[in-house]
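One structure is given here, and the rest of the page talks about it.
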Amino acid sequence: MRLVVALGAAVLLASALIYTSFSAASPALTPSQLLRSGQPGRTYLLTGTVAKGSVHHQGEVLDFAVRDRGGSTTIPLAYTGTVPDPFREGREVIVTVEKQGGGYVGERNSLITKCPSKFKTAPPSEQQSS
């Protein structure tokens with residue numbers, strides 16, 4: 001009887017843990033998705049490319065815009081905190097943002113820069129024939 005109760009409790013706890021981990025996860029949104037569904041007061045993971053010409057420092061605040069990878073939608077945001085070394089225009093980033101008023105503010109120290117792939121397709125002039 002004790003074994004059945006212990007196994008039942010273990011299954012119940014494991015189910016609760018799995019449910020909590022999946023319900024707490026939030027998918028990363030692109031700028032166009034965030035503009036469609038973003039609500040004030042909620043935080044979102046924003047992913048995209050740092051728009052060219054958008055990076056400006058104002059004291060401790062880093063202002064930049066995140067652009068859809070293949071589109072033209074951009075979201076300007078203000079960010080404070082640590083900035084990864086590979087951060088620059090054209091790099092893919094992930095940052096936690098919150099809509100405040102008419103703009104977006106990046107959560108302190110939440111900026112992650114994706115490393116570019118070192119494997120790229122060679123231009124036709126450099127491709128080897130088989």
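Quick note on naming: the chains in the structure tokens go A, B, ... in the order shown, residues restart at 1 in each chain, and ligands are numbered from 1 in order of appearance.
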**Asked** Quick one: residues within 12 Å of Asn109 of chain A, only C-alpha atoms counted, chain neighbours fewer than 5 positions away excluded, as a PyMOL selection string?
**Response** chain A and resi 61-62+79-84+94-97
Keeping all heavy atoms, export the residues of the selection given above as a PDB file, in the first residue's frame.
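The resulting file, part24.pdb, is shown below:
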```
ATOM      1  N   VAL A  61      22.218  54.138 -21.266  1.00  0.00           N
ATOM      2  CA  VAL A  61      21.148  53.555 -22.079  1.00  0.00           C
ATOM      3  C   VAL A  61      21.651  53.308 -23.497  1.00  0.00           C
ATOM      4  O   VAL A  61      22.237  54.177 -24.125  1.00  0.00           O
ATOM      5  CB  VAL A  61      19.911  54.479 -22.111  1.00  0.00           C
ATOM      6  CG1 VAL A  61      18.829  53.894 -22.998  1.00  0.00           C
ATOM      7  CG2 VAL A  61      19.380  54.711 -20.704  1.00  0.00           C
ATOM      8  N   LEU A  62      21.415  52.103 -23.970  1.00  0.00           N
ATOM      9  CA  LEU A  62      21.733  51.738 -25.352  1.00  0.00           C
ATOM     10  C   LEU A  62      20.423  51.704 -26.124  1.00  0.00           C
ATOM     11  O   LEU A  62      19.532  50.917 -25.811  1.00  0.00           O
ATOM     12  CB  LEU A  62      22.414  50.368 -25.396  1.00  0.00           C
ATOM     13  CG  LEU A  62      22.680  49.772 -26.774  1.00  0.00           C
ATOM     14  CD1 LEU A  62      23.690  50.628 -27.538  1.00  0.00           C
ATOM     15  CD2 LEU A  62      23.169  48.345 -26.648  1.00  0.00           C
ATOM     16  N   TYR A  79      17.746  49.913 -23.846  1.00  0.00           N
ATOM     17  CA  TYR A  79      18.286  48.803 -23.071  1.00  0.00           C
ATOM     18  C   TYR A  79      19.374  49.311 -22.133  1.00  0.00           C
ATOM     19  O   TYR A  79      20.195  50.147 -22.512  1.00  0.00           O
ATOM     20  CB  TYR A  79      18.862  47.740 -24.021  1.00  0.00           C
ATOM     21  CG  TYR A  79      19.611  46.646 -23.321  1.00  0.00           C
ATOM     22  CD1 TYR A  79      18.923  45.608 -22.711  1.00  0.00           C
ATOM     23  CD2 TYR A  79      20.997  46.654 -23.251  1.00  0.00           C
ATOM     24  CE1 TYR A  79      19.606  44.600 -22.054  1.00  0.00           C
ATOM     25  CE2 TYR A  79      21.677  45.651 -22.600  1.00  0.00           C
ATOM     26  CZ  TYR A  79      20.981  44.629 -21.993  1.00  0.00           C
ATOM     27  OH  TYR A  79      21.658  43.642 -21.345  1.00  0.00           O
ATOM     28  N   THR A  80      19.385  48.800 -20.918  1.00  0.00           N
ATOM     29  CA  THR A  80      20.472  49.080 -19.977  1.00  0.00           C
ATOM     30  C   THR A  80      21.013  47.754 -19.477  1.00  0.00           C
ATOM     31  O   THR A  80      20.284  46.777 -19.382  1.00  0.00           O
ATOM     32  CB  THR A  80      19.995  49.914 -18.763  1.00  0.00           C
ATOM     33  OG1 THR A  80      18.926  49.221 -18.120  1.00  0.00           O
ATOM     34  CG2 THR A  80      19.557  51.293 -19.172  1.00  0.00           C
ATOM     35  N   GLY A  81      22.272  47.738 -19.173  1.00  0.00           N
ATOM     36  CA  GLY A  81      22.893  46.521 -18.653  1.00  0.00           C
ATOM     37  C   GLY A  81      24.092  46.135 -19.488  1.00  0.00           C
ATOM     38  O   GLY A  81      24.592  46.905 -20.303  1.00  0.00           O
ATOM     39  N   THR A  82      24.538  44.906 -19.260  1.00  0.00           N
ATOM     40  CA  THR A  82      25.716  44.428 -19.966  1.00  0.00           C
ATOM     41  C   THR A  82      25.397  44.179 -21.436  1.00  0.00           C
ATOM     42  O   THR A  82      24.319  43.728 -21.779  1.00  0.00           O
ATOM     43  CB  THR A  82      26.260  43.129 -19.335  1.00  0.00           C
ATOM     44  OG1 THR A  82      25.226  42.147 -19.348  1.00  0.00           O
ATOM     45  CG2 THR A  82      26.730  43.351 -17.918  1.00  0.00           C
ATOM     46  N   VAL A  83      26.373  44.514 -22.262  1.00  0.00           N
ATOM     47  CA  VAL A  83      26.232  44.323 -23.709  1.00  0.00           C
ATOM     48  C   VAL A  83      27.296  43.309 -24.134  1.00  0.00           C
ATOM     49  O   VAL A  83      28.487  43.529 -23.896  1.00  0.00           O
ATOM     50  CB  VAL A  83      26.432  45.653 -24.468  1.00  0.00           C
ATOM     51  CG1 VAL A  83      26.343  45.446 -25.967  1.00  0.00           C
ATOM     52  CG2 VAL A  83      25.420  46.684 -24.004  1.00  0.00           C
ATOM     53  N   PRO A  84      26.895  42.198 -24.736  1.00  0.00           N
ATOM     54  CA  PRO A  84      27.871  41.189 -25.167  1.00  0.00           C
ATOM     55  C   PRO A  84      28.868  41.765 -26.178  1.00  0.00           C
ATOM     56  O   PRO A  84      28.526  42.639 -26.977  1.00  0.00           O
ATOM     57  CB  PRO A  84      27.009  40.104 -25.821  1.00  0.00           C
ATOM     58  CG  PRO A  84      25.619  40.346 -25.350  1.00  0.00           C
ATOM     59  CD  PRO A  84      25.516  41.800 -25.046  1.00  0.00           C
ATOM     60  N   ILE A  94      18.642  38.253 -29.004  1.00  0.00           N
ATOM     61  CA  ILE A  94      17.441  37.909 -28.249  1.00  0.00           C
ATOM     62  C   ILE A  94      17.476  38.784 -27.011  1.00  0.00           C
ATOM     63  O   ILE A  94      18.500  38.856 -26.320  1.00  0.00           O
ATOM     64  CB  ILE A  94      17.418  36.427 -27.835  1.00  0.00           C
ATOM     65  CG1 ILE A  94      17.430  35.521 -29.051  1.00  0.00           C
ATOM     66  CG2 ILE A  94      16.192  36.140 -26.963  1.00  0.00           C
ATOM     67  CD1 ILE A  94      17.543  34.047 -28.721  1.00  0.00           C
ATOM     68  N   VAL A  95      16.378  39.470 -26.736  1.00  0.00           N
ATOM     69  CA  VAL A  95      16.307  40.355 -25.572  1.00  0.00           C
ATOM     70  C   VAL A  95      14.902  40.283 -24.988  1.00  0.00           C
ATOM     71  O   VAL A  95      13.926  40.163 -25.720  1.00  0.00           O
ATOM     72  CB  VAL A  95      16.704  41.812 -25.948  1.00  0.00           C
ATOM     73  CG1 VAL A  95      15.768  42.401 -26.968  1.00  0.00           C
ATOM     74  CG2 VAL A  95      16.814  42.690 -24.724  1.00  0.00           C
ATOM     75  N   THR A  96      14.817  40.329 -23.669  1.00  0.00           N
ATOM     76  CA  THR A  96      13.526  40.359 -23.001  1.00  0.00           C
ATOM     77  C   THR A  96      13.064  41.808 -22.965  1.00  0.00           C
ATOM     78  O   THR A  96      13.802  42.682 -22.510  1.00  0.00           O
ATOM     79  CB  THR A  96      13.639  39.800 -21.571  1.00  0.00           C
ATOM     80  OG1 THR A  96      14.167  38.474 -21.634  1.00  0.00           O
ATOM     81  CG2 THR A  96      12.290  39.768 -20.875  1.00  0.00           C
ATOM     82  N   VAL A  97      11.865  42.072 -23.465  1.00  0.00           N
ATOM     83  CA  VAL A  97      11.354  43.442 -23.552  1.00  0.00           C
ATOM     84  C   VAL A  97       9.984  43.548 -22.889  1.00  0.00           C
ATOM     85  O   VAL A  97       9.273  42.559 -22.732  1.00  0.00           O
ATOM     86  CB  VAL A  97      11.249  43.935 -25.017  1.00  0.00           C
ATOM     87  CG1 VAL A  97      12.608  43.959 -25.687  1.00  0.00           C
ATOM     88  CG2 VAL A  97      10.281  43.092 -25.811  1.00  0.00           C
TER      89      VAL A  97
END
```
**Request:** Rounded to one decimal place, report the atom CA of Val105 of chain A-atom CA of Arg88 of chain A distance in Å.
**Result:**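 Taking atom CA of Val105 of chain A and atom CA of Arg88 of chain A, their separation equals 18.4 Å.
Close contacts of His56 of chain A, defined as residues with an atom at most 12 Å away when counting only C-alpha atoms, with chain neighbours fewer than 4 positions off set aside, comprise Val50, Ala51, Lys52, Glu60, Val61, Leu62, Asp63, Phe64, Ala65, Pro76, Leu77, Ala78, Tyr79, Arg88 and Glu89 of chain A.
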**Message:** Need to verify the contact set: Thr113 of chain A, 8 Å, only C-alpha atoms, exclusion of same-chain residues closer than 4 positions in sequence. Can you return it as a ChimeraX atom specification?
**Reply:** /A:84,86-87,91-94
**Asked** Got a sec to tell me which of segment 4-128 of chain A DSSP assigns to helix (DSSP H, G or I), as a ChimeraX atom specification?
**Response** /A:4-24,31-37,124-126
**Request:** May I have the residues within 7 Å of Asp68 of chain A as an MDAnalysis selection string, using only C-alpha atoms and disregarding those fewer than 5 positions away in the same chain?
**Result:** chainID A and resid 30:32 48:49 73:74
**Request:** May I ask which of the residues A:Ser72, A:Ser15, A:Gln58, A:Gln100 is the closest one to Gly38 of chain A, counting only C-alpha atoms?
**Result:**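 For Gly38 of chain A, the nearest of the candidates is A:Gln100.
When only C-alpha atoms are used to compute distances to Arg67 of chain A, the closest of the residues A:Gly41, A:Cys115, A:Gln33, A:Gly103 turns out to be A:Gln33.
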